[in-house]
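To be precise, the following lines are final_32.cif, and they hold mmCIF, C-alpha atoms and all ligand atoms; chains and numbers go by the auth columns.
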```
data_work
loop_
_atom_site.group_PDB
_atom_site.id
_atom_site.type_symbol
_atom_site.label_atom_id
_atom_site.label_comp_id
_atom_site.label_asym_id
_atom_site.label_seq_id
_atom_site.Cartn_x
_atom_site.Cartn_y
_atom_site.Cartn_z
_atom_site.B_iso_or_equiv
_atom_site.auth_seq_id
_atom_site.auth_asym_id
ATOM 1 C CA MET A 1 22.123 4.144 1.897 0.00 287 A
ATOM 2 C CA LEU A 2 19.962 1.301 0.648 0.00 288 A
ATOM 3 C CA VAL A 3 16.415 2.487 -0.061 0.00 289 A
ATOM 4 C CA ALA A 4 13.476 0.152 -0.727 0.00 290 A
ATOM 5 C CA ILE A 5 10.588 1.565 -2.765 0.00 291 A
ATOM 6 C CA ILE A 6 7.232 -0.190 -2.542 0.00 292 A
ATOM 7 C CA SER A 7 3.933 0.659 -4.259 0.00 293 A
ATOM 8 C CA ASP A 8 0.402 -0.615 -4.896 0.00 294 A
ATOM 9 C CA ILE A 9 0.075 -2.945 -1.941 0.00 295 A
ATOM 10 C CA HIS A 10 -3.708 -2.956 -2.321 0.00 296 A
ATOM 11 C CA ALA A 11 -4.495 -4.453 1.074 0.00 297 A
ATOM 12 C CA ASN A 12 -2.655 -7.701 0.247 0.00 298 A
ATOM 13 C CA LEU A 13 -1.078 -8.530 3.616 0.00 299 A
ATOM 14 C CA GLU A 14 0.509 -11.814 2.493 0.00 300 A
ATOM 15 C CA ALA A 15 2.405 -10.038 -0.299 0.00 301 A
ATOM 16 C CA LEU A 16 3.407 -7.169 2.000 0.00 302 A
ATOM 17 C CA GLU A 17 4.726 -9.515 4.696 0.00 303 A
ATOM 18 C CA ALA A 18 6.862 -11.372 2.132 0.00 304 A
ATOM 19 C CA VAL A 19 8.231 -8.101 0.743 0.00 305 A
ATOM 20 C CA ARG A 20 8.934 -6.820 4.238 0.00 306 A
ATOM 21 C CA ARG A 21 10.996 -9.949 4.999 0.00 307 A
ATOM 22 C CA ASP A 22 12.919 -9.562 1.751 0.00 308 A
ATOM 23 C CA ILE A 23 13.613 -5.869 2.472 0.00 309 A
ATOM 24 C CA GLU A 24 14.951 -6.814 5.904 0.00 310 A
ATOM 25 C CA GLU A 25 17.112 -9.594 4.456 0.00 311 A
ATOM 26 C CA GLN A 26 18.553 -7.179 1.897 0.00 312 A
ATOM 27 C CA GLY A 27 19.443 -4.803 4.755 0.00 313 A
ATOM 28 C CA ALA A 28 17.594 -1.708 3.477 0.00 314 A
ATOM 29 C CA ASP A 29 18.058 1.449 5.569 0.00 315 A
ATOM 30 C CA CYS A 30 14.669 2.904 4.790 0.00 316 A
ATOM 31 C CA VAL A 31 11.453 2.350 2.866 0.00 317 A
ATOM 32 C CA LEU A 32 9.493 4.733 0.637 0.00 318 A
ATOM 33 C CA CYS A 33 5.938 3.991 -0.496 0.00 319 A
ATOM 34 C CA ALA A 34 4.453 5.302 -3.756 0.00 320 A
ATOM 35 C CA GLY A 35 0.846 4.840 -2.631 0.00 321 A
ATOM 36 C CA ASP A 36 -2.233 2.637 -3.049 0.00 322 A
ATOM 37 C CA ILE A 37 -1.871 0.846 0.267 0.00 323 A
ATOM 38 C CA VAL A 38 -5.568 -0.087 0.180 0.00 324 A
ATOM 39 C CA GLY A 39 -8.229 -1.123 -2.340 0.00 325 A
ATOM 40 C CA TYR A 40 -8.903 -4.618 -3.859 0.00 326 A
ATOM 41 C CA GLY A 41 -7.562 -6.787 -1.008 0.00 327 A
ATOM 42 C CA ALA A 42 -8.969 -7.944 2.327 0.00 328 A
ATOM 43 C CA ASN A 43 -6.517 -6.393 4.842 0.00 329 A
ATOM 44 C CA PRO A 44 -6.562 -2.598 4.447 0.00 330 A
ATOM 45 C CA ASN A 45 -6.018 -1.803 8.139 0.00 331 A
ATOM 46 C CA GLU A 46 -3.185 -4.265 8.677 0.00 332 A
ATOM 47 C CA CYS A 47 -1.469 -2.972 5.525 0.00 333 A
ATOM 48 C CA VAL A 48 -1.787 0.729 6.465 0.00 334 A
ATOM 49 C CA GLU A 49 -0.338 -0.042 9.894 0.00 335 A
ATOM 50 C CA MET A 50 2.503 -2.172 8.528 0.00 336 A
ATOM 51 C CA VAL A 51 3.457 0.293 5.776 0.00 337 A
ATOM 52 C CA ARG A 52 3.472 3.144 8.313 0.00 338 A
ATOM 53 C CA GLU A 53 5.810 1.161 10.509 0.00 339 A
ATOM 54 C CA MET A 54 8.079 0.177 7.604 0.00 340 A
ATOM 55 C CA CYS A 55 8.319 3.727 6.246 0.00 341 A
ATOM 56 C CA ALA A 56 9.060 5.271 9.634 0.00 342 A
ATOM 57 C CA ASP A 57 12.089 3.019 10.144 0.00 343 A
ATOM 58 C CA GLY A 58 15.725 3.943 9.760 0.00 344 A
ATOM 59 C CA ARG A 59 16.864 7.211 8.268 0.00 345 A
ATOM 60 C CA ALA A 60 13.445 8.135 6.960 0.00 346 A
ATOM 61 C CA LYS A 61 12.350 8.496 10.586 0.00 347 A
ATOM 62 C CA GLY A 62 10.658 11.752 11.375 0.00 348 A
ATOM 63 C CA ARG A 63 9.456 12.349 7.821 0.00 349 A
ATOM 64 C CA CYS A 64 6.640 10.846 5.873 0.00 350 A
ATOM 65 C CA GLY A 65 7.889 8.218 3.453 0.00 351 A
ATOM 66 C CA ILE A 66 4.481 7.552 1.919 0.00 352 A
ATOM 67 C CA VAL A 67 2.519 9.341 -0.814 0.00 353 A
ATOM 68 C CA LEU A 68 -1.194 9.153 -1.542 0.00 354 A
ATOM 69 C CA GLY A 69 -2.495 6.785 -4.250 0.00 355 A
ATOM 70 C CA ASN A 70 -5.809 7.074 -6.099 0.00 356 A
ATOM 71 C CA HIS A 71 -7.273 4.091 -4.215 0.00 357 A
ATOM 72 C CA ASP A 72 -6.184 5.568 -0.866 0.00 358 A
ATOM 73 C CA ASP A 73 -7.849 8.816 -1.911 0.00 359 A
ATOM 74 C CA ALA A 74 -11.002 6.950 -2.979 0.00 360 A
ATOM 75 C CA ALA A 75 -11.116 5.052 0.323 0.00 361 A
ATOM 76 C CA VAL A 76 -11.325 8.334 2.230 0.00 362 A
ATOM 77 C CA GLY A 77 -14.059 9.818 0.074 0.00 363 A
ATOM 78 C CA GLY A 78 -12.252 10.795 -3.150 0.00 364 A
ATOM 79 C CA ASP A 79 -13.817 10.705 -6.602 0.00 365 A
ATOM 80 C CA ILE A 80 -14.577 7.222 -7.997 0.00 366 A
ATOM 81 C CA SER A 81 -16.418 8.227 -11.171 0.00 367 A
ATOM 82 C CA LEU A 82 -13.597 6.797 -13.338 0.00 368 A
ATOM 83 C CA PHE A 83 -13.346 3.509 -11.418 0.00 369 A
ATOM 84 C CA ASN A 84 -14.661 0.324 -13.040 0.00 370 A
ATOM 85 C CA ALA A 85 -17.398 -1.691 -11.301 0.00 371 A
ATOM 86 C CA MET A 86 -14.973 -4.066 -9.591 0.00 372 A
ATOM 87 C CA ALA A 87 -12.746 -1.270 -8.272 0.00 373 A
ATOM 88 C CA ARG A 88 -15.807 0.622 -7.104 0.00 374 A
ATOM 89 C CA THR A 89 -17.124 -2.377 -5.143 0.00 375 A
ATOM 90 C CA ALA A 90 -13.701 -2.732 -3.524 0.00 376 A
ATOM 91 C CA VAL A 91 -13.621 0.988 -2.626 0.00 377 A
ATOM 92 C CA GLU A 92 -17.060 0.792 -1.029 0.00 378 A
ATOM 93 C CA TRP A 93 -15.989 -2.294 0.964 0.00 379 A
ATOM 94 C CA THR A 94 -12.795 -0.506 2.060 0.00 380 A
ATOM 95 C CA ARG A 95 -14.704 2.622 3.108 0.00 381 A
ATOM 96 C CA LYS A 96 -16.846 0.429 5.372 0.00 382 A
ATOM 97 C CA ASN A 97 -13.951 -1.523 6.832 0.00 383 A
ATOM 98 C CA ILE A 98 -11.189 1.030 7.356 0.00 384 A
ATOM 99 C CA THR A 99 -10.755 2.229 10.942 0.00 385 A
ATOM 100 C CA VAL A 100 -11.101 5.899 11.823 0.00 386 A
ATOM 101 C CA PRO A 101 -7.388 6.356 12.748 0.00 387 A
ATOM 102 C CA ASN A 102 -6.284 4.698 9.494 0.00 388 A
ATOM 103 C CA ARG A 103 -8.697 6.844 7.490 0.00 389 A
ATOM 104 C CA HIS A 104 -7.332 9.966 9.137 0.00 390 A
ATOM 105 C CA TYR A 105 -3.806 8.837 8.372 0.00 391 A
ATOM 106 C CA LEU A 106 -4.571 8.348 4.656 0.00 392 A
ATOM 107 C CA GLU A 107 -6.318 11.721 4.527 0.00 393 A
ATOM 108 C CA ARG A 108 -3.122 13.468 5.575 0.00 394 A
ATOM 109 C CA LEU A 109 -0.831 11.934 2.932 0.00 395 A
ATOM 110 C CA GLU A 110 0.822 14.225 0.382 0.00 396 A
ATOM 111 C CA LEU A 111 0.696 13.693 -3.393 0.00 397 A
ATOM 112 C CA ALA A 112 4.478 13.751 -3.832 0.00 398 A
ATOM 113 C CA LEU A 113 7.584 13.767 -1.690 0.00 399 A
ATOM 114 C CA GLU A 114 11.215 14.603 -2.219 0.00 400 A
ATOM 115 C CA PHE A 115 13.807 12.365 -0.631 0.00 401 A
ATOM 116 C CA ASN A 116 17.561 12.764 -0.192 0.00 402 A
ATOM 117 C CA GLY A 117 17.622 15.860 -2.392 0.00 403 A
ATOM 118 C CA ASN A 118 17.555 14.001 -5.705 0.00 404 A
ATOM 119 C CA ILE A 119 14.646 11.570 -5.525 0.00 405 A
ATOM 120 C CA LEU A 120 10.982 12.328 -6.161 0.00 406 A
ATOM 121 C CA VAL A 121 8.195 9.891 -5.269 0.00 407 A
ATOM 122 C CA ALA A 122 4.659 10.197 -6.698 0.00 408 A
ATOM 123 C CA HIS A 123 1.945 7.608 -7.227 0.00 409 A
ATOM 124 C CA ALA A 124 0.973 8.020 -10.881 0.00 410 A
ATOM 125 C CA SER A 125 3.145 10.686 -12.522 0.00 411 A
ATOM 126 C CA PRO A 126 5.428 13.599 -11.646 0.00 412 A
ATOM 127 C CA HIS A 127 3.088 16.024 -13.456 0.00 413 A
ATOM 128 C CA ASP A 128 -0.339 16.782 -11.980 0.00 414 A
ATOM 129 C CA PRO A 129 -0.103 13.840 -9.547 0.00 415 A
ATOM 130 C CA HIS A 130 -3.737 14.391 -8.509 0.00 416 A
ATOM 131 C CA GLU A 131 -4.876 13.638 -12.086 0.00 417 A
ATOM 132 C CA TRP A 132 -3.697 10.001 -11.758 0.00 418 A
ATOM 133 C CA HIS A 133 -2.284 9.767 -15.310 0.00 419 A
ATOM 134 C CA TYR A 134 -1.231 6.371 -16.630 0.00 420 A
ATOM 135 C CA ILE A 135 2.312 6.380 -18.017 0.00 421 A
ATOM 136 C CA THR A 136 2.235 3.446 -20.412 0.00 422 A
ATOM 137 C CA ASP A 137 4.312 4.408 -23.442 0.00 423 A
ATOM 138 C CA LEU A 138 7.587 6.054 -24.390 0.00 424 A
ATOM 139 C CA TRP A 139 5.867 9.298 -25.433 0.00 425 A
ATOM 140 C CA GLU A 140 4.352 9.685 -21.958 0.00 426 A
ATOM 141 C CA VAL A 141 7.701 8.746 -20.414 0.00 427 A
ATOM 142 C CA GLY A 142 9.515 11.404 -22.448 0.00 428 A
ATOM 143 C CA ARG A 143 6.945 14.065 -21.542 0.00 429 A
ATOM 144 C CA SER A 144 7.237 13.232 -17.836 0.00 430 A
ATOM 145 C CA PHE A 145 10.909 14.219 -17.618 0.00 431 A
ATOM 146 C CA ARG A 146 9.924 17.859 -18.148 0.00 432 A
ATOM 147 C CA TRP A 147 7.967 17.823 -14.921 0.00 433 A
ATOM 148 C CA PHE A 148 10.584 16.978 -12.323 0.00 434 A
ATOM 149 C CA ARG A 149 14.103 18.232 -11.656 0.00 435 A
ATOM 150 C CA GLU A 150 15.395 15.387 -9.453 0.00 436 A
ATOM 151 C CA SER A 151 17.653 12.694 -10.963 0.00 437 A
ATOM 152 C CA ILE A 152 15.185 9.900 -10.236 0.00 438 A
ATOM 153 C CA CYS A 153 11.408 9.819 -9.993 0.00 439 A
ATOM 154 C CA PHE A 154 9.809 6.666 -8.585 0.00 440 A
ATOM 155 C CA ILE A 155 6.173 5.925 -9.430 0.00 441 A
ATOM 156 C CA GLY A 156 3.662 3.028 -9.370 0.00 442 A
ATOM 157 C CA HIS A 157 -0.037 3.088 -10.417 0.00 443 A
ATOM 158 C CA THR A 158 -0.016 0.906 -13.572 0.00 444 A
ATOM 159 C CA HIS A 159 1.253 -2.187 -11.671 0.00 445 A
ATOM 160 C CA VAL A 160 3.657 -2.802 -14.575 0.00 446 A
ATOM 161 C CA PRO A 161 7.293 -2.123 -13.634 0.00 447 A
ATOM 162 C CA PHE A 162 9.727 -0.362 -15.967 0.00 448 A
ATOM 163 C CA ILE A 163 13.027 1.507 -15.856 0.00 449 A
ATOM 164 C CA ALA A 164 13.265 4.481 -18.224 0.00 450 A
ATOM 165 C CA CYS A 165 16.063 6.964 -18.667 0.00 451 A
ATOM 166 C CA LEU A 166 16.566 10.286 -20.415 0.00 452 A
ATOM 167 C CA LYS A 167 19.990 10.448 -22.014 0.00 453 A
ATOM 168 C CA ASN A 168 20.980 13.210 -24.452 0.00 454 A
ATOM 169 C CA HIS A 169 17.353 14.408 -24.442 0.00 455 A
ATOM 170 C CA LYS A 170 16.168 10.992 -25.643 0.00 456 A
ATOM 171 C CA PRO A 171 13.883 8.797 -23.528 0.00 457 A
ATOM 172 C CA GLN A 172 14.516 5.065 -23.598 0.00 458 A
ATOM 173 C CA ILE A 173 13.404 1.942 -21.748 0.00 459 A
ATOM 174 C CA ILE A 174 16.132 -0.072 -20.044 0.00 460 A
ATOM 175 C CA GLN A 175 15.602 -3.822 -20.234 0.00 461 A
ATOM 176 C CA GLY A 176 16.627 -6.372 -17.619 0.00 462 A
ATOM 177 C CA GLY A 177 15.194 -4.966 -14.396 0.00 463 A
ATOM 178 C CA GLU A 178 18.311 -3.185 -13.155 0.00 464 A
ATOM 179 C CA VAL A 179 20.460 -0.183 -13.903 0.00 465 A
ATOM 180 C CA THR A 180 23.522 1.695 -12.683 0.00 466 A
ATOM 181 C CA VAL A 181 22.633 5.359 -12.801 0.00 467 A
ATOM 182 C CA ASP A 182 24.987 7.751 -14.531 0.00 468 A
ATOM 183 C CA ALA A 183 25.293 11.434 -13.688 0.00 469 A
ATOM 184 C CA GLU A 184 24.435 12.552 -17.248 0.00 470 A
ATOM 185 C CA SER A 185 21.087 10.780 -17.321 0.00 471 A
ATOM 186 C CA ARG A 186 17.814 11.081 -15.417 0.00 472 A
ATOM 187 C CA TYR A 187 15.454 8.251 -14.572 0.00 473 A
ATOM 188 C CA LEU A 188 11.755 7.503 -14.323 0.00 474 A
ATOM 189 C CA ILE A 189 11.201 4.170 -12.608 0.00 475 A
ATOM 190 C CA ASN A 190 7.930 2.331 -12.046 0.00 476 A
ATOM 191 C CA VAL A 191 8.542 -0.048 -9.138 0.00 477 A
ATOM 192 C CA GLY A 192 5.583 -2.298 -10.016 0.00 478 A
ATOM 193 C CA SER A 193 3.050 -3.592 -7.512 0.00 479 A
ATOM 194 C CA VAL A 194 3.477 -5.467 -4.242 0.00 480 A
ATOM 195 C CA GLY A 195 -0.086 -6.720 -3.976 0.00 481 A
ATOM 196 C CA GLN A 196 -1.485 -7.018 -7.499 0.00 482 A
ATOM 197 C CA PRO A 197 1.194 -7.293 -10.231 0.00 483 A
ATOM 198 C CA ARG A 198 -0.192 -6.926 -13.770 0.00 484 A
ATOM 199 C CA ASP A 199 2.804 -7.929 -15.877 0.00 485 A
ATOM 200 C CA GLY A 200 1.987 -11.650 -15.999 0.00 486 A
ATOM 201 C CA ASN A 201 4.254 -12.472 -13.055 0.00 487 A
ATOM 202 C CA PRO A 202 2.264 -13.074 -9.841 0.00 488 A
ATOM 203 C CA ALA A 203 5.283 -12.531 -7.557 0.00 489 A
ATOM 204 C CA ALA A 204 5.241 -9.306 -5.521 0.00 490 A
ATOM 205 C CA CYS A 205 7.383 -6.555 -7.043 0.00 491 A
ATOM 206 C CA TYR A 206 9.341 -3.681 -5.495 0.00 492 A
ATOM 207 C CA GLY A 207 12.544 -1.699 -6.041 0.00 493 A
ATOM 208 C CA LEU A 208 15.870 -1.385 -4.222 0.00 494 A
ATOM 209 C CA TYR A 209 18.121 1.623 -4.757 0.00 495 A
ATOM 210 C CA ASP A 210 21.664 1.841 -3.422 0.00 496 A
ATOM 211 C CA THR A 211 22.347 5.591 -3.319 0.00 497 A
ATOM 212 C CA LYS A 212 26.103 5.131 -2.811 0.00 498 A
ATOM 213 C CA GLU A 213 26.675 2.724 -5.693 0.00 499 A
ATOM 214 C CA GLY A 214 23.978 4.335 -7.830 0.00 500 A
ATOM 215 C CA ARG A 215 22.508 0.903 -8.422 0.00 501 A
ATOM 216 C CA PHE A 216 18.788 0.224 -8.818 0.00 502 A
ATOM 217 C CA ALA A 217 17.159 -3.208 -9.157 0.00 503 A
ATOM 218 C CA LEU A 218 13.608 -4.494 -9.340 0.00 504 A
ATOM 219 C CA ARG A 219 13.000 -7.461 -7.063 0.00 505 A
ATOM 220 C CA ARG A 220 10.356 -10.204 -7.291 0.00 506 A
ATOM 221 C CA VAL A 221 9.199 -12.055 -4.186 0.00 507 A
ATOM 222 C CA ALA A 222 6.982 -15.137 -4.161 0.00 508 A
ATOM 223 C CA TYR A 223 4.230 -15.122 -1.504 0.00 509 A
ATOM 224 C CA PRO A 224 1.242 -17.337 -0.554 0.00 510 A
ATOM 225 C CA VAL A 225 -1.090 -16.091 -3.324 0.00 511 A
ATOM 226 C CA ARG A 226 -3.807 -18.608 -2.420 0.00 512 A
ATOM 227 C CA GLU A 227 -4.116 -17.318 1.134 0.00 513 A
ATOM 228 C CA ALA A 228 -4.578 -13.738 -0.070 0.00 514 A
ATOM 229 C CA ALA A 229 -7.104 -14.914 -2.685 0.00 515 A
ATOM 230 C CA GLU A 230 -9.125 -16.925 -0.145 0.00 516 A
ATOM 231 C CA LYS A 231 -9.362 -13.899 2.144 0.00 517 A
ATOM 232 C CA ILE A 232 -10.767 -11.815 -0.731 0.00 518 A
ATOM 233 C CA ILE A 233 -13.528 -14.420 -1.291 0.00 519 A
ATOM 234 C CA GLU A 234 -14.273 -14.699 2.465 0.00 520 A
ATOM 235 C CA ALA A 235 -14.573 -10.925 2.710 0.00 521 A
ATOM 236 C CA GLY A 236 -17.292 -10.963 0.045 0.00 522 A
ATOM 237 C CA LEU A 237 -15.217 -8.969 -2.447 0.00 523 A
ATOM 238 C CA PRO A 238 -15.565 -9.794 -6.208 0.00 524 A
ATOM 239 C CA SER A 239 -14.051 -13.228 -6.945 0.00 525 A
ATOM 240 C CA ALA A 240 -12.241 -11.853 -10.020 0.00 526 A
ATOM 241 C CA LEU A 241 -10.051 -9.880 -7.604 0.00 527 A
ATOM 242 C CA ALA A 242 -8.963 -13.194 -6.078 0.00 528 A
ATOM 243 C CA ASP A 243 -8.496 -14.993 -9.411 0.00 529 A
ATOM 244 C CA ARG A 244 -6.316 -12.310 -10.957 0.00 530 A
ATOM 245 C CA LEU A 245 -3.615 -12.626 -8.261 0.00 531 A
ATOM 246 C CA ALA A 246 -2.495 -16.053 -9.464 0.00 532 A
ATOM 247 C CA MET A 247 -2.333 -14.814 -13.048 0.00 533 A
ATOM 248 C CA GLY A 248 -0.440 -11.639 -12.319 0.00 534 A
ATOM 249 C CA TRP A 249 -2.666 -9.218 -14.193 0.00 535 A
HETATM 250 ZN ZN ZN B . -2.813 0.634 -7.771 0.00 1 B
#
```
Please go through the file and, once you have read it, give me the structure as structure tokens.
Ligand code: ZN
Amino acid sequence: MLVAIISDIHANLEALEAVRRDIEEQGADCVLCAGDIVGYGANPNECVEMVREMCADGRAKGRCGIVLGNHDDAAVGGDISLFNAMARTAVEWTRKNITVPNRHYLERLELALEFNGNILVAHASPHDPHEWHYITDLWEVGRSFRWFRESICFIGHTHVPFIACLKNHKPQIIQGGEVTVDAESRYLINVGSVGQPRDGNPAACYGLYDTKEGRFALRRVAYPVREAAEKIIEAGLPSALADRLAMGW
């Protein structure tokens, strides 16, 4: 089974459409989403509806393939005391513009989900997912492995993709954007961000995992950044949210 894992769409419809096309071209059987469908961008409703449709396809049908992100939580009334001014403005805009059915849908999302018996999906971290930790260094990576029992945990949240593995009790980062999983190791993989990459590469990012071959790869997909940026300006959202898309941060 070929599984696509998307995260941090952030209401960027242009990026999501491009990723959706790429997922279809690759022939993925199902899609999992690690959260943050909304926040920052100008198309929260369209993105919630499209992600719902994508994640209900194929073998994932009948079960929820989406977990809650901190911006989804904020959009439905969650705590924003730790958000910076720009994120807060975007949350307030999203709260005003999200439809009632989409709000109710986000409200019902779980913080983590298990898939296929050996995959865990959470937005920020496998431990205390509601605390929205940022896993940004090898120490945090190493600590995280104690908090899940599955072979692979997929996360998002930082918008910076990485592949980490725990082999012989030692955590390490795997370079090159792809890996063939081995039965002796466990993996923590950040699939990056579809709608607001922050690793200096503006192309949308997501992950593809072939469960049969045990092969995982990060994919980058170019999309019309300018269109998404113009919509952010037209919506009256902070212009820095538009500018950052072209820079990939
Ligand atoms: Zn995010």
Rounded to one decimal in Å, what is the spacing between atom CA of A:Ile295 and atom CA of A:Gln458?
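Atom CA of A:Gln458 lies 27.2 Å from atom CA of A:Ile295.
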Per residue of chain A within 8 Å of ligand ZN 1 (chain B), which atom pair is closest and at what distance in Å (one decimal), using all atoms listed in the file, listed by chain and increasing number, as CSV?
```
residue,atom,partner,partner_atom,distance
A:Ser293,CA,B:ZN1,ZN,7.6
A:Asp294,CA,B:ZN1,ZN,4.5
A:Ile295,CA,B:ZN1,ZN,7.4
A:His296,CA,B:ZN1,ZN,6.6
A:Gly321,CA,B:ZN1,ZN,7.6
A:Asp322,CA,B:ZN1,ZN,5.2
A:Gly325,CA,B:ZN1,ZN,7.9
A:Gly355,CA,B:ZN1,ZN,7.1
A:Asn356,CA,B:ZN1,ZN,7.3
A:His357,CA,B:ZN1,ZN,6.7
A:Gly442,CA,B:ZN1,ZN,7.1
A:His443,CA,B:ZN1,ZN,4.6
A:Thr444,CA,B:ZN1,ZN,6.4
A:His445,CA,B:ZN1,ZN,6.3
A:Ser479,CA,B:ZN1,ZN,7.2
A:Gln482,CA,B:ZN1,ZN,7.8
```
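For the pair atom CA of A:Asp468 and atom CA of A:Gly500, the separation is 7.6 Å.
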Selection dump of the PyMOL selection byres (((chain A and resi 415) around 10) and not hetatm), as a compact mmCIF listing (two decimals) with C-alpha atoms, in the frame of the given file:
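Writing done, so here's out.txt:
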```txt
# COMPACT_ATOMS: atom_id res chain seq x y z
CA LEU A 354 -1.19 9.15 -1.54
CA GLY A 355 -2.50 6.78 -4.25
CA ASN A 356 -5.81 7.07 -6.10
CA GLU A 396 0.82 14.22 0.38
CA LEU A 397 0.70 13.69 -3.39
CA ALA A 398 4.48 13.75 -3.83
CA ALA A 408 4.66 10.20 -6.70
CA HIS A 409 1.94 7.61 -7.23
CA ALA A 410 0.97 8.02 -10.88
CA SER A 411 3.14 10.69 -12.52
CA PRO A 412 5.43 13.60 -11.65
CA HIS A 413 3.09 16.02 -13.46
CA ASP A 414 -0.34 16.78 -11.98
CA HIS A 416 -3.74 14.39 -8.51
CA GLU A 417 -4.88 13.64 -12.09
CA TRP A 418 -3.70 10.00 -11.76
CA HIS A 419 -2.28 9.77 -15.31
```
Might you spell out which residues the PyMOL selection byres (((chain A and resi 476) around 6) and not hetatm) would select in the displayed file, as number ranges by chain?
A: 440-442, 447-448, 475, 477-478
Exactly which residues make up the result of the PyMOL selection byres (((chain A and resi 315) around 12) and not hetatm) on this file, given as a PyMOL selection string?
chain A and resi 287-291+309-314+316-318+340-347+494-497
